[in-house]
Amino acid sequence: MGSPTTGDPEGSFVPALLLLAGGTLVAALLGAAHRLGLFYQLRHKVDKASVRHGGENVASVLRAHGVRFIFTLVGGHISPLLVACEKLGIRVVDTRHEVTAVFAADAVARLSGTVGVAAVTAGPGLTNTVTAVKNAQMAQSPVLLLGGAAGTLLQNRGALQAVDQMSLFRPLCKFCASVRRVRDIVPTLRAAMAAAQSGTPGPVFVELPIDVLYPYFMVQKEMVPAKPPKGLVAWVVTWYLKNHLANLFAGAWEPQPEGPLPLSIPQAPPQQVQRCVEILSRAKRPLMVLGSQATLPPIPANKLRAAVESLGIPCFLGGMARGLLGRNNPLHIQQNRSAALKKADVVILAGAVCDFRLSYGRVLSRSSKIIIVNRNRKDLLLNSDLFWKPQEAVQGDVASFVLKLEEGLRGHTWAPDWAEELREADRQKKQIFQEKAAKPTAQHLNPVRVLQLVEETLPESVVLVVDGGDFVGTAAQLVRPRGPLCWLDPGAFGTLGVGGGFALGAKLCRPDAEVWCLFGDGAFGYSLIEFDTFVRHKIPVIALVGNDASWTQISREQVPSLGSNVACGLAYTDYHKAAEGLGARGLLLSRENEDQAVQVLREAQQQCRDGHPVVVNILIGKTDFRDGSISV
């Protein structure tokens with residue numbers, strides 16, 4: 001029998017190798033064609049005759065999301081979107097510094113329950129916003145920052161005002177995206193708006209390179225050589241540029257959904273809510289601390305207020321929750337929070353975080369049962385491994401949780417002596433401030449007395465903006481918001497310079513309310529130039545500047561501990577005259593017209609009602625509330 005015939009190994013290997021190589025080449029070519037957008041261009045044409053531009057797509061999405069204002073400092077990179085917004089009826093408000101634009105957007109987000117929007121130009125325009133974006137992140141405020149950028153082909157090639165903006169903003173924002181084609185503008189912005197409001201709200205950033213915002217014919221003129229190329233290399237480069245241009249604009253004007261995407265808002269599990277109801281039902285001395293998260297949508301502030309009042313649990317209010325219960329609600333406790341937390345047997349931290357504001361949790365008693373609710377998992381358990389332990393840590397929307405608590409405890413009451421004990425501390429503190437207000441000053445006005453007069457003068461319809469250290473710290477004790485969402489402070493980042501932007505956003509959101517901004521003289525330096533903005537855009541606000549010619553909050557600690565007042569001294573500057581130079585109204589309140597203090601405040605109100613922004617420069621003495629003394 002003959003042996004079986006064996007195949008030629010080498011002969012079968014070569015065709016297989018050729019087949020593999022051919023397949024690899026084809027795959028590479030297909031992949032390159034996909035990356036170059038050739039397949040997409042087969043199905044979606046470029047309208048080369050259209051004069052439309054990507055800025056129109058941006059404006060259409062903003063309008064579909066109910067955006068009424070966009071804050072900006074103009075730059076060539078972003079001009080198309082600003083012009084398009086104006087055409088669609090979105091009010092474009094230009095400020096004198098980019099940081100103010102983002103602060104204004106932040107205020108709109110907090111007061112309206114929607115996303116606040118700012119647009120700034122590339123490079124230094126964007127870097128100028130970093131502080132405000134970080135402040136919005138810390139305050140959990142849904143802000144959309146639109147940033148111009150160098151053209152898609154010129155990034156990382158030394159273009160004007162080019163910087164790695166994405167790396168800069170990723171640590172600060174929940175969502176960051178750079179749009180690479182006109183057709184991607186709409187879906188990217190919709191995703192950004194949803195991300196800003198979902199879960200724990202926060203800022204988002206969308207980079208818009210200049211060539212996705214301008215019309216085809218303008219981009220073509222800048223990108224593609226006018227004369228036919230000579231030589232193979234030049235022809236290949238020109239083909240690549242033309243293809244890149246086509247891919248930028250392919251499918252640019254095809255209809256797309258522009259409206260809001262569904263939001264993802266965490267809700268407390270029913271089993272946890274029931275356990276919290278049982279814990280509270282056994283409490284004798286319950287206490288609640290409400291933070292800014294309590295005022296977030298979807299629950300309206302007035303509905304939350306009704307639930308808190310029905311619960312009947314004494315409350316401390318912080319951040320945007322200040323004013324939730326009105327001016328003189330007996331459930332609202334202002335003073336001796338640390339002592340009250342130590343005495344309470346059950347504490348509900350509703351949107352409050354155990355950071356420096358609660359001494360990292362050290363103010364909580366080990367014997368208290370702590371219920372904490374927050375949308376953010378990290379905030380929920382912050383420092384719980386060191387100084388405190390929660391009985392129940394509930395990840396969910398704060399206001400919805402409070403409403404469910406109230407439903408589960410409806411009809412339950414607590415002994416009135418607990419709330420009365422807490423109110424007694426408020427009465428004692430009020431008496432102390434009355435005594436401080438009566439103290440004579442050698443040269444300038446007593447700031448405590450001035451702020452008491454402010455409190456007596458404020459109307460019921462007022463939004464309070466605070467920006468500063470010492471003067472504002474005193475005002476926080478004496479000046480009370482009249483209702484919910486009527487108090488704007490920087491938040492946990494402790495940022496100076498928010499006043500001008502916050503006041504701008506607040507007045508646009510609440511045109512029928514008076515907006516009073518309480519400044520320290522140090523902080524006012526950041527916002528003074530924005531009175532030009534107020535005048536140009538006819539935004540009447542009242543600024544009260546507590547002018548003690550010093551960074552007093554720093555000086556008070558620096559001088560006794562280090563023996564020097566270096567860098568802490570300012571001057572009794574005529575801020576009211578500087579405001580007049582910008583076209584606003586300026587008033588001076590000093591020892592010379594002390595007996596007319598109320599009339600000066602009334603004059604400021606009248607000027608504001610007549611449509612003028614007003615600066616009241618108040619010359620005050622320095623204070624030291626450690627021993628109650630007032631000097632100067």
# chains A, B, ... in the order shown; residues from 1 in each chain; ligands from 1

call {"tool": "residues_around", "arguments": {"residues": "Thr95 in chain A", "least_positions_apart": "5", "cutoff": "10 Å", "atoms": "only C-alpha atoms", "output": "list in words"}}
result
Phe71, Thr72, Leu73, Val74, Thr100, Ala101, Val102, Ala104, Gly500, Gly501, Leu504, Ile529, Glu530, Phe531, Asp532, Thr533, Phe534, Arg536 and His537 of chain A

call {"tool": "write_last_selection", "arguments": {"atoms": "N, CA, C and O atoms", "output": "PDB file, in the first residue's frame"}}
result
ATOM      1  N   PHE A  71     -24.703  84.991  29.702  1.00  0.00           N
ATOM      2  CA  PHE A  71     -23.758  85.990  30.187  1.00  0.00           C
ATOM      3  C   PHE A  71     -22.418  85.769  29.505  1.00  0.00           C
ATOM      4  O   PHE A  71     -21.978  84.625  29.310  1.00  0.00           O
ATOM      5  N   THR A  72     -21.748  86.869  29.167  1.00  0.00           N
ATOM      6  CA  THR A  72     -20.567  86.729  28.330  1.00  0.00           C
ATOM      7  C   THR A  72     -19.638  87.916  28.483  1.00  0.00           C
ATOM      8  O   THR A  72     -20.005  88.962  29.033  1.00  0.00           O
ATOM      9  N   LEU A  73     -18.414  87.744  28.026  1.00  0.00           N
ATOM     10  CA  LEU A  73     -17.538  88.835  27.648  1.00  0.00           C
ATOM     11  C   LEU A  73     -17.101  88.484  26.235  1.00  0.00           C
ATOM     12  O   LEU A  73     -16.514  87.432  26.006  1.00  0.00           O
ATOM     13  N   VAL A  74     -17.415  89.343  25.294  1.00  0.00           N
ATOM     14  CA  VAL A  74     -17.373  88.994  23.887  1.00  0.00           C
ATOM     15  C   VAL A  74     -15.955  88.648  23.424  1.00  0.00           C
ATOM     16  O   VAL A  74     -14.955  89.154  23.929  1.00  0.00           O
ATOM     17  N   THR A 100     -17.341  87.299  36.322  1.00  0.00           N
ATOM     18  CA  THR A 100     -18.667  87.836  36.636  1.00  0.00           C
ATOM     19  C   THR A 100     -19.751  87.142  35.821  1.00  0.00           C
ATOM     20  O   THR A 100     -20.853  86.885  36.315  1.00  0.00           O
ATOM     21  N   ALA A 101     -19.448  86.832  34.570  1.00  0.00           N
ATOM     22  CA  ALA A 101     -20.430  86.148  33.725  1.00  0.00           C
ATOM     23  C   ALA A 101     -20.813  84.803  34.321  1.00  0.00           C
ATOM     24  O   ALA A 101     -21.998  84.421  34.342  1.00  0.00           O
ATOM     25  N   VAL A 102     -19.832  84.063  34.829  1.00  0.00           N
ATOM     26  CA  VAL A 102     -20.142  82.753  35.409  1.00  0.00           C
ATOM     27  C   VAL A 102     -20.843  82.917  36.749  1.00  0.00           C
ATOM     28  O   VAL A 102     -21.765  82.159  37.071  1.00  0.00           O
ATOM     29  N   ALA A 104     -22.874  85.276  37.501  1.00  0.00           N
ATOM     30  CA  ALA A 104     -24.257  85.633  37.157  1.00  0.00           C
ATOM     31  C   ALA A 104     -25.039  84.394  36.733  1.00  0.00           C
ATOM     32  O   ALA A 104     -26.202  84.204  37.122  1.00  0.00           O
ATOM     33  N   GLY A 500     -21.039  91.229  42.342  1.00  0.00           N
ATOM     34  CA  GLY A 500     -21.533  91.842  41.110  1.00  0.00           C
ATOM     35  C   GLY A 500     -22.264  90.845  40.239  1.00  0.00           C
ATOM     36  O   GLY A 500     -23.354  91.132  39.731  1.00  0.00           O
ATOM     37  N   GLY A 501     -21.698  89.669  40.042  1.00  0.00           N
ATOM     38  CA  GLY A 501     -22.338  88.653  39.208  1.00  0.00           C
ATOM     39  C   GLY A 501     -23.623  88.122  39.819  1.00  0.00           C
ATOM     40  O   GLY A 501     -24.635  87.961  39.132  1.00  0.00           O
ATOM     41  N   LEU A 504     -26.336  90.693  39.470  1.00  0.00           N
ATOM     42  CA  LEU A 504     -26.780  90.770  38.081  1.00  0.00           C
ATOM     43  C   LEU A 504     -27.759  89.648  37.759  1.00  0.00           C
ATOM     44  O   LEU A 504     -28.862  89.881  37.237  1.00  0.00           O
ATOM     45  N   ILE A 529     -16.228  97.623  38.958  1.00  0.00           N
ATOM     46  CA  ILE A 529     -16.313  97.907  37.529  1.00  0.00           C
ATOM     47  C   ILE A 529     -17.611  97.377  36.923  1.00  0.00           C
ATOM     48  O   ILE A 529     -18.064  97.863  35.872  1.00  0.00           O
ATOM     49  N   GLU A 530     -18.249  96.403  37.581  1.00  0.00           N
ATOM     50  CA  GLU A 530     -19.486  95.857  37.024  1.00  0.00           C
ATOM     51  C   GLU A 530     -20.653  96.840  37.141  1.00  0.00           C
ATOM     52  O   GLU A 530     -21.719  96.590  36.566  1.00  0.00           O
ATOM     53  N   PHE A 531     -20.460  97.963  37.857  1.00  0.00           N
ATOM     54  CA  PHE A 531     -21.514  98.972  37.834  1.00  0.00           C
ATOM     55  C   PHE A 531     -21.624  99.604  36.449  1.00  0.00           C
ATOM     56  O   PHE A 531     -22.675 100.141  36.084  1.00  0.00           O
ATOM     57  N   ASP A 532     -20.569  99.523  35.671  1.00  0.00           N
ATOM     58  CA  ASP A 532     -20.679  99.861  34.252  1.00  0.00           C
ATOM     59  C   ASP A 532     -21.648  98.905  33.563  1.00  0.00           C
ATOM     60  O   ASP A 532     -22.482  99.320  32.741  1.00  0.00           O
ATOM     61  N   THR A 533     -21.554  97.623  33.881  1.00  0.00           N
ATOM     62  CA  THR A 533     -22.482  96.624  33.329  1.00  0.00           C
ATOM     63  C   THR A 533     -23.915  96.924  33.740  1.00  0.00           C
ATOM     64  O   THR A 533     -24.840  96.889  32.913  1.00  0.00           O
ATOM     65  N   PHE A 534     -24.112  97.218  35.022  1.00  0.00           N
ATOM     66  CA  PHE A 534     -25.465  97.525  35.513  1.00  0.00           C
ATOM     67  C   PHE A 534     -26.049  98.737  34.792  1.00  0.00           C
ATOM     68  O   PHE A 534     -27.232  98.755  34.440  1.00  0.00           O
ATOM     69  N   ARG A 536     -25.148 100.017  31.733  1.00  0.00           N
ATOM     70  CA  ARG A 536     -25.380  99.751  30.308  1.00  0.00           C
ATOM     71  C   ARG A 536     -26.615  98.893  30.075  1.00  0.00           C
ATOM     72  O   ARG A 536     -27.356  99.095  29.109  1.00  0.00           O
ATOM     73  N   HIS A 537     -26.840  97.926  30.965  1.00  0.00           N
ATOM     74  CA  HIS A 537     -27.964  97.005  30.770  1.00  0.00           C
ATOM     75  C   HIS A 537     -29.190  97.392  31.588  1.00  0.00           C
ATOM     76  O   HIS A 537     -30.164  96.636  31.638  1.00  0.00           O
TER      77      HIS A 537
END

call {"tool": "residues_around", "arguments": {"residues": "Ser338 in chain A", "least_positions_apart": "3", "cutoff": "9 Å", "atoms": "only C-alpha atoms", "output": "list in words"}}
result
Gln335, Leu341, Lys342, Lys343, Leu358, Val363 and Leu364 of chain A

call {"tool": "write_last_selection", "arguments": {"atoms": "N, CA, C and O atoms", "output": "compact mmCIF listing (two decimals), in the first residue's frame"}}
result
# COMPACT_ATOMS: atom_id res chain seq x y z
N GLN A 335 -29.07 80.82 66.63
CA GLN A 335 -27.87 80.90 67.46
C GLN A 335 -27.56 79.59 68.18
O GLN A 335 -28.43 78.74 68.35
N LEU A 341 -26.79 71.04 68.82
CA LEU A 341 -26.48 69.73 68.24
C LEU A 341 -26.00 68.75 69.30
O LEU A 341 -26.27 67.55 69.23
N LYS A 342 -25.29 69.24 70.30
CA LYS A 342 -24.83 68.37 71.38
C LYS A 342 -25.99 67.86 72.24
O LYS A 342 -25.96 66.74 72.77
N LYS A 343 -27.02 68.68 72.39
CA LYS A 343 -28.16 68.33 73.24
C LYS A 343 -29.20 67.46 72.53
O LYS A 343 -29.96 66.73 73.19
N LEU A 358 -19.45 72.22 59.96
CA LEU A 358 -19.89 71.46 61.13
C LEU A 358 -18.69 70.87 61.86
O LEU A 358 -18.79 69.82 62.50
N VAL A 363 -18.97 68.52 66.06
CA VAL A 363 -20.03 69.16 66.85
C VAL A 363 -21.17 68.19 67.15
O VAL A 363 -22.05 68.51 67.95
N LEU A 364 -21.17 67.03 66.52
CA LEU A 364 -22.24 66.06 66.73
C LEU A 364 -21.91 65.19 67.94
O LEU A 364 -20.76 64.79 68.14

call {"tool": "residues_around", "arguments": {"residues": "Asn374 in chain A", "least_positions_apart": "2", "cutoff": "9 Å", "atoms": "only C-alpha atoms", "output": "PyMOL selection string"}}
result
chain A and resi 200+293-294+349-353+372+376-377+379-380+393-398

call {"tool": "write_last_selection", "arguments": {"atoms": "all heavy atoms", "output": "tab-separated table (two decimals), in the first residue's frame"}}
result
chain	number	residue	atom	x	y	z
A	200	THR	N	-26.12	64.89	41.65
A	200	THR	CA	-25.69	66.09	42.35
A	200	THR	C	-25.42	67.16	41.30
A	200	THR	O	-24.53	67.00	40.47
A	200	THR	CB	-24.40	65.83	43.13
A	200	THR	OG1	-24.59	64.72	44.00
A	200	THR	CG2	-24.01	67.05	43.94
A	293	GLN	N	-28.95	71.92	49.26
A	293	GLN	CA	-29.59	70.88	48.45
A	293	GLN	C	-31.09	70.78	48.68
A	293	GLN	O	-31.82	70.31	47.80
A	293	GLN	CB	-28.94	69.53	48.73
A	293	GLN	CG	-27.79	69.18	47.82
A	293	GLN	CD	-27.46	67.69	47.88
A	293	GLN	OE1	-28.29	66.84	48.23
A	293	GLN	NE2	-26.23	67.36	47.54
A	294	ALA	N	-31.55	71.21	49.83
A	294	ALA	CA	-32.97	71.12	50.14
A	294	ALA	C	-33.82	71.97	49.19
A	294	ALA	O	-35.01	71.70	49.00
A	294	ALA	CB	-33.23	71.54	51.59
A	349	LEU	N	-29.47	65.76	59.19
A	349	LEU	CA	-28.63	66.61	58.34
A	349	LEU	C	-29.18	66.51	56.92
A	349	LEU	O	-28.87	65.59	56.18
A	349	LEU	CB	-27.17	66.17	58.40
A	349	LEU	CG	-26.52	66.19	59.79
A	349	LEU	CD1	-25.09	65.67	59.72
A	349	LEU	CD2	-26.54	67.59	60.39
A	350	ALA	N	-30.04	67.45	56.58
A	350	ALA	CA	-30.76	67.40	55.31
A	350	ALA	C	-30.07	68.30	54.29
A	350	ALA	O	-30.36	69.49	54.17
A	350	ALA	CB	-32.22	67.83	55.50
A	351	GLY	N	-29.11	67.72	53.58
A	351	GLY	CA	-28.33	68.52	52.65
A	351	GLY	C	-27.15	69.21	53.29
A	351	GLY	O	-26.37	69.88	52.60
A	352	ALA	N	-26.99	69.09	54.59
A	352	ALA	CA	-25.82	69.64	55.28
A	352	ALA	C	-24.69	68.60	55.25
A	352	ALA	O	-24.94	67.40	55.24
A	352	ALA	CB	-26.18	69.99	56.72
A	353	VAL	N	-23.47	69.10	55.23
A	353	VAL	CA	-22.29	68.24	55.07
A	353	VAL	C	-21.37	68.42	56.27
A	353	VAL	O	-21.21	69.54	56.76
A	353	VAL	CB	-21.53	68.59	53.77
A	353	VAL	CG1	-20.33	67.67	53.57
A	353	VAL	CG2	-22.47	68.51	52.56
A	372	ILE	N	-28.60	61.35	57.98
A	372	ILE	CA	-28.08	62.28	56.98
A	372	ILE	C	-28.62	61.89	55.61
A	372	ILE	O	-28.68	60.71	55.26
A	372	ILE	CB	-26.53	62.32	56.99
A	372	ILE	CG1	-26.03	63.39	56.00
A	372	ILE	CG2	-25.92	60.96	56.70
A	372	ILE	CD1	-24.56	63.73	56.15
A	376	ASN	N	-25.28	63.24	47.08
A	376	ASN	CA	-23.91	62.89	46.76
A	376	ASN	C	-23.35	61.90	47.76
A	376	ASN	O	-23.34	62.14	48.96
A	376	ASN	CB	-23.05	64.16	46.75
A	376	ASN	CG	-21.64	63.92	46.27
A	376	ASN	OD1	-20.82	63.38	46.99
A	376	ASN	ND2	-21.37	64.32	45.05
A	377	ARG	N	-22.88	60.74	47.28
A	377	ARG	CA	-22.39	59.69	48.16
A	377	ARG	C	-21.17	60.13	48.97
A	377	ARG	O	-21.05	59.83	50.15
A	377	ARG	CB	-22.03	58.46	47.31
A	377	ARG	CG	-21.52	57.26	48.11
A	377	ARG	CD	-22.62	56.64	48.94
A	377	ARG	NE	-22.15	55.50	49.71
A	377	ARG	CZ	-22.90	54.86	50.60
A	377	ARG	NH1	-24.16	55.23	50.80
A	377	ARG	NH2	-22.42	53.84	51.27
A	379	ASP	N	-20.30	63.27	49.86
A	379	ASP	CA	-20.72	64.21	50.90
A	379	ASP	C	-21.48	63.52	52.01
A	379	ASP	O	-21.42	63.93	53.17
A	379	ASP	CB	-21.59	65.31	50.28
A	379	ASP	CG	-20.79	66.28	49.43
A	379	ASP	OD1	-19.55	66.25	49.52
A	379	ASP	OD2	-21.41	67.05	48.67
A	380	LEU	N	-22.21	62.49	51.66
A	380	LEU	CA	-23.04	61.77	52.63
A	380	LEU	C	-22.20	61.22	53.77
A	380	LEU	O	-22.62	61.24	54.94
A	380	LEU	CB	-23.76	60.64	51.90
A	380	LEU	CG	-24.94	59.96	52.58
A	380	LEU	CD1	-26.10	60.91	52.72
A	380	LEU	CD2	-25.36	58.74	51.77
A	393	ALA	N	-27.71	56.70	56.59
A	393	ALA	CA	-27.14	57.53	55.54
A	393	ALA	C	-27.97	57.31	54.28
A	393	ALA	O	-27.91	56.24	53.66
A	393	ALA	CB	-25.68	57.18	55.30
A	394	VAL	N	-28.75	58.29	53.91
A	394	VAL	CA	-29.74	58.15	52.85
A	394	VAL	C	-29.28	58.92	51.62
A	394	VAL	O	-29.16	60.15	51.65
A	394	VAL	CB	-31.11	58.69	53.31
A	394	VAL	CG1	-32.16	58.47	52.23
A	394	VAL	CG2	-31.53	58.05	54.62
A	395	GLN	N	-29.04	58.22	50.53
A	395	GLN	CA	-28.67	58.90	49.29
A	395	GLN	C	-29.94	59.14	48.48
A	395	GLN	O	-30.59	58.21	48.00
A	395	GLN	CB	-27.69	58.08	48.47
A	395	GLN	CG	-27.18	58.83	47.25
A	395	GLN	CD	-26.05	58.09	46.53
A	395	GLN	OE1	-25.72	56.96	46.88
A	395	GLN	NE2	-25.45	58.74	45.55
A	396	GLY	N	-30.29	60.42	48.37
A	396	GLY	CA	-31.50	60.76	47.65
A	396	GLY	C	-31.76	62.26	47.69
A	396	GLY	O	-31.04	63.02	48.36
A	397	ASP	N	-32.78	62.68	46.97
A	397	ASP	CA	-33.15	64.09	46.95
A	397	ASP	C	-33.65	64.52	48.33
A	397	ASP	O	-34.49	63.86	48.94
A	397	ASP	CB	-34.25	64.31	45.91
A	397	ASP	CG	-34.74	65.74	45.88
A	397	ASP	OD1	-33.92	66.64	45.66
A	397	ASP	OD2	-35.95	65.95	46.12
A	398	VAL	N	-33.12	65.64	48.80
A	398	VAL	CA	-33.37	66.07	50.19
A	398	VAL	C	-34.81	66.47	50.40
A	398	VAL	O	-35.47	66.02	51.35
A	398	VAL	CB	-32.42	67.22	50.55
A	398	VAL	CG1	-32.77	67.80	51.92
A	398	VAL	CG2	-30.97	66.74	50.54

call {"tool": "select_by_dssp", "arguments": {"residues": "range 144-366 of chain A", "states": "strand (DSSP E or B)", "output": "PyMOL selection string"}}
result
chain A and resi 144-149+175-178+204-209+286-290+315-317+332+346-351

call {"tool": "write_last_selection", "arguments": {"atoms": "C-alpha atoms", "output": "short mmCIF file (atom, residue, chain, number, x, y, z; two decimals), in the first residue's frame"}}
result
data_model
loop_
_atom_site.label_atom_id
_atom_site.label_comp_id
_atom_site.auth_asym_id
_atom_site.auth_seq_id
_atom_site.Cartn_x
_atom_site.Cartn_y
_atom_site.Cartn_z
CA LEU A 144 -23.20 75.49 31.57
CA LEU A 145 -19.94 77.11 30.46
CA LEU A 146 -19.52 77.45 26.71
CA GLY A 147 -15.94 78.10 25.68
CA GLY A 148 -14.48 79.12 22.39
CA ALA A 149 -11.38 77.33 21.13
CA PHE A 175 -19.24 66.80 32.13
CA CYS A 176 -16.65 68.04 29.62
CA ALA A 177 -16.83 67.71 25.86
CA SER A 178 -15.16 69.26 22.85
CA VAL A 204 -20.48 71.42 32.89
CA PHE A 205 -18.18 72.61 30.11
CA VAL A 206 -18.58 72.40 26.34
CA GLU A 207 -15.71 73.53 24.12
CA LEU A 208 -16.74 74.95 20.75
CA PRO A 209 -13.84 75.33 18.31
CA PRO A 286 -35.09 66.28 67.44
CA LEU A 287 -33.20 68.86 65.42
CA MET A 288 -32.85 69.47 61.69
CA VAL A 289 -30.08 71.23 59.74
CA LEU A 290 -31.14 72.16 56.21
CA CYS A 315 -34.35 73.93 62.28
CA PHE A 316 -31.06 75.56 61.50
CA LEU A 317 -30.89 76.87 57.93
CA HIS A 332 -36.09 78.68 62.78
CA VAL A 346 -31.86 62.85 66.90
CA VAL A 347 -30.24 65.10 64.28
CA ILE A 348 -31.34 65.24 60.64
CA LEU A 349 -28.63 66.61 58.34
CA ALA A 350 -30.76 67.40 55.31
CA GLY A 351 -28.33 68.52 52.65
#

call {"tool": "residues_around", "arguments": {"residues": "Val566 in chain A", "least_positions_apart": "3", "cutoff": "12 Å", "atoms": "only C-alpha atoms", "output": "PyMOL selection string"}}
result
chain A and resi 550-552+554-556+558-559+562-563+569-570

call {"tool": "write_last_selection", "arguments": {"atoms": "N, CA and C atoms", "output": "PDB file, in the first residue's frame"}}
result
ATOM      1  N   SER A 550     -10.107  98.311  55.664  1.00  0.00           N
ATOM      2  CA  SER A 550      -9.255  97.210  56.130  1.00  0.00           C
ATOM      3  C   SER A 550      -9.818  95.868  55.685  1.00  0.00           C
ATOM      4  N   TRP A 551      -8.886  94.899  55.545  1.00  0.00           N
ATOM      5  CA  TRP A 551      -9.281  93.497  55.492  1.00  0.00           C
ATOM      6  C   TRP A 551      -9.376  93.041  56.952  1.00  0.00           C
ATOM      7  N   THR A 552     -10.429  93.460  57.622  1.00  0.00           N
ATOM      8  CA  THR A 552     -10.491  93.337  59.077  1.00  0.00           C
ATOM      9  C   THR A 552     -10.541  91.894  59.551  1.00  0.00           C
ATOM     10  N   ILE A 554      -9.040  89.384  58.446  1.00  0.00           N
ATOM     11  CA  ILE A 554      -7.677  88.865  58.478  1.00  0.00           C
ATOM     12  C   ILE A 554      -6.846  89.595  59.516  1.00  0.00           C
ATOM     13  N   SER A 555      -6.979  90.913  59.521  1.00  0.00           N
ATOM     14  CA  SER A 555      -6.188  91.735  60.441  1.00  0.00           C
ATOM     15  C   SER A 555      -6.425  91.348  61.898  1.00  0.00           C
ATOM     16  N   ARG A 556      -7.670  91.024  62.228  1.00  0.00           N
ATOM     17  CA  ARG A 556      -8.014  90.703  63.613  1.00  0.00           C
ATOM     18  C   ARG A 556      -7.211  89.519  64.144  1.00  0.00           C
ATOM     19  N   GLN A 558      -4.288  88.305  62.381  1.00  0.00           N
ATOM     20  CA  GLN A 558      -2.877  88.442  62.003  1.00  0.00           C
ATOM     21  C   GLN A 558      -2.100  89.317  62.981  1.00  0.00           C
ATOM     22  N   VAL A 559      -2.702  90.422  63.390  1.00  0.00           N
ATOM     23  CA  VAL A 559      -1.966  91.366  64.243  1.00  0.00           C
ATOM     24  C   VAL A 559      -1.617  90.761  65.603  1.00  0.00           C
ATOM     25  N   LEU A 562       0.798  87.487  64.865  1.00  0.00           N
ATOM     26  CA  LEU A 562       2.060  87.650  64.156  1.00  0.00           C
ATOM     27  C   LEU A 562       2.675  89.035  64.315  1.00  0.00           C
ATOM     28  N   GLY A 563       1.924  89.948  64.923  1.00  0.00           N
ATOM     29  CA  GLY A 563       2.490  91.248  65.260  1.00  0.00           C
ATOM     30  C   GLY A 563       2.626  92.223  64.119  1.00  0.00           C
ATOM     31  N   GLY A 569      -4.231  96.697  55.338  1.00  0.00           N
ATOM     32  CA  GLY A 569      -4.784  98.048  55.346  1.00  0.00           C
ATOM     33  C   GLY A 569      -5.313  98.469  53.992  1.00  0.00           C
ATOM     34  N   LEU A 570      -6.476  99.079  53.990  1.00  0.00           N
ATOM     35  CA  LEU A 570      -7.049  99.719  52.807  1.00  0.00           C
ATOM     36  C   LEU A 570      -7.225 101.206  53.120  1.00  0.00           C
TER      37      LEU A 570
END

call {"tool": "residues_around", "arguments": {"residues": "range 411-428 of chain A", "least_positions_apart": "4", "cutoff": "10 Å", "atoms": "only C-alpha atoms", "output": "VMD selection string"}}
result
chain A and resid 280 to 287 310 to 315 330 to 337 339 to 340 343 to 344 406 to 407 432 to 434

call {"tool": "select_by_dssp", "arguments": {"residues": "range 66-263 of chain A", "states": "alpha helix (DSSP H)", "output": "MDAnalysis selection string"}}
result
chainID A and resid 79:87 98:112 124:127 130:139 165:169 185:197 216:223 232:249
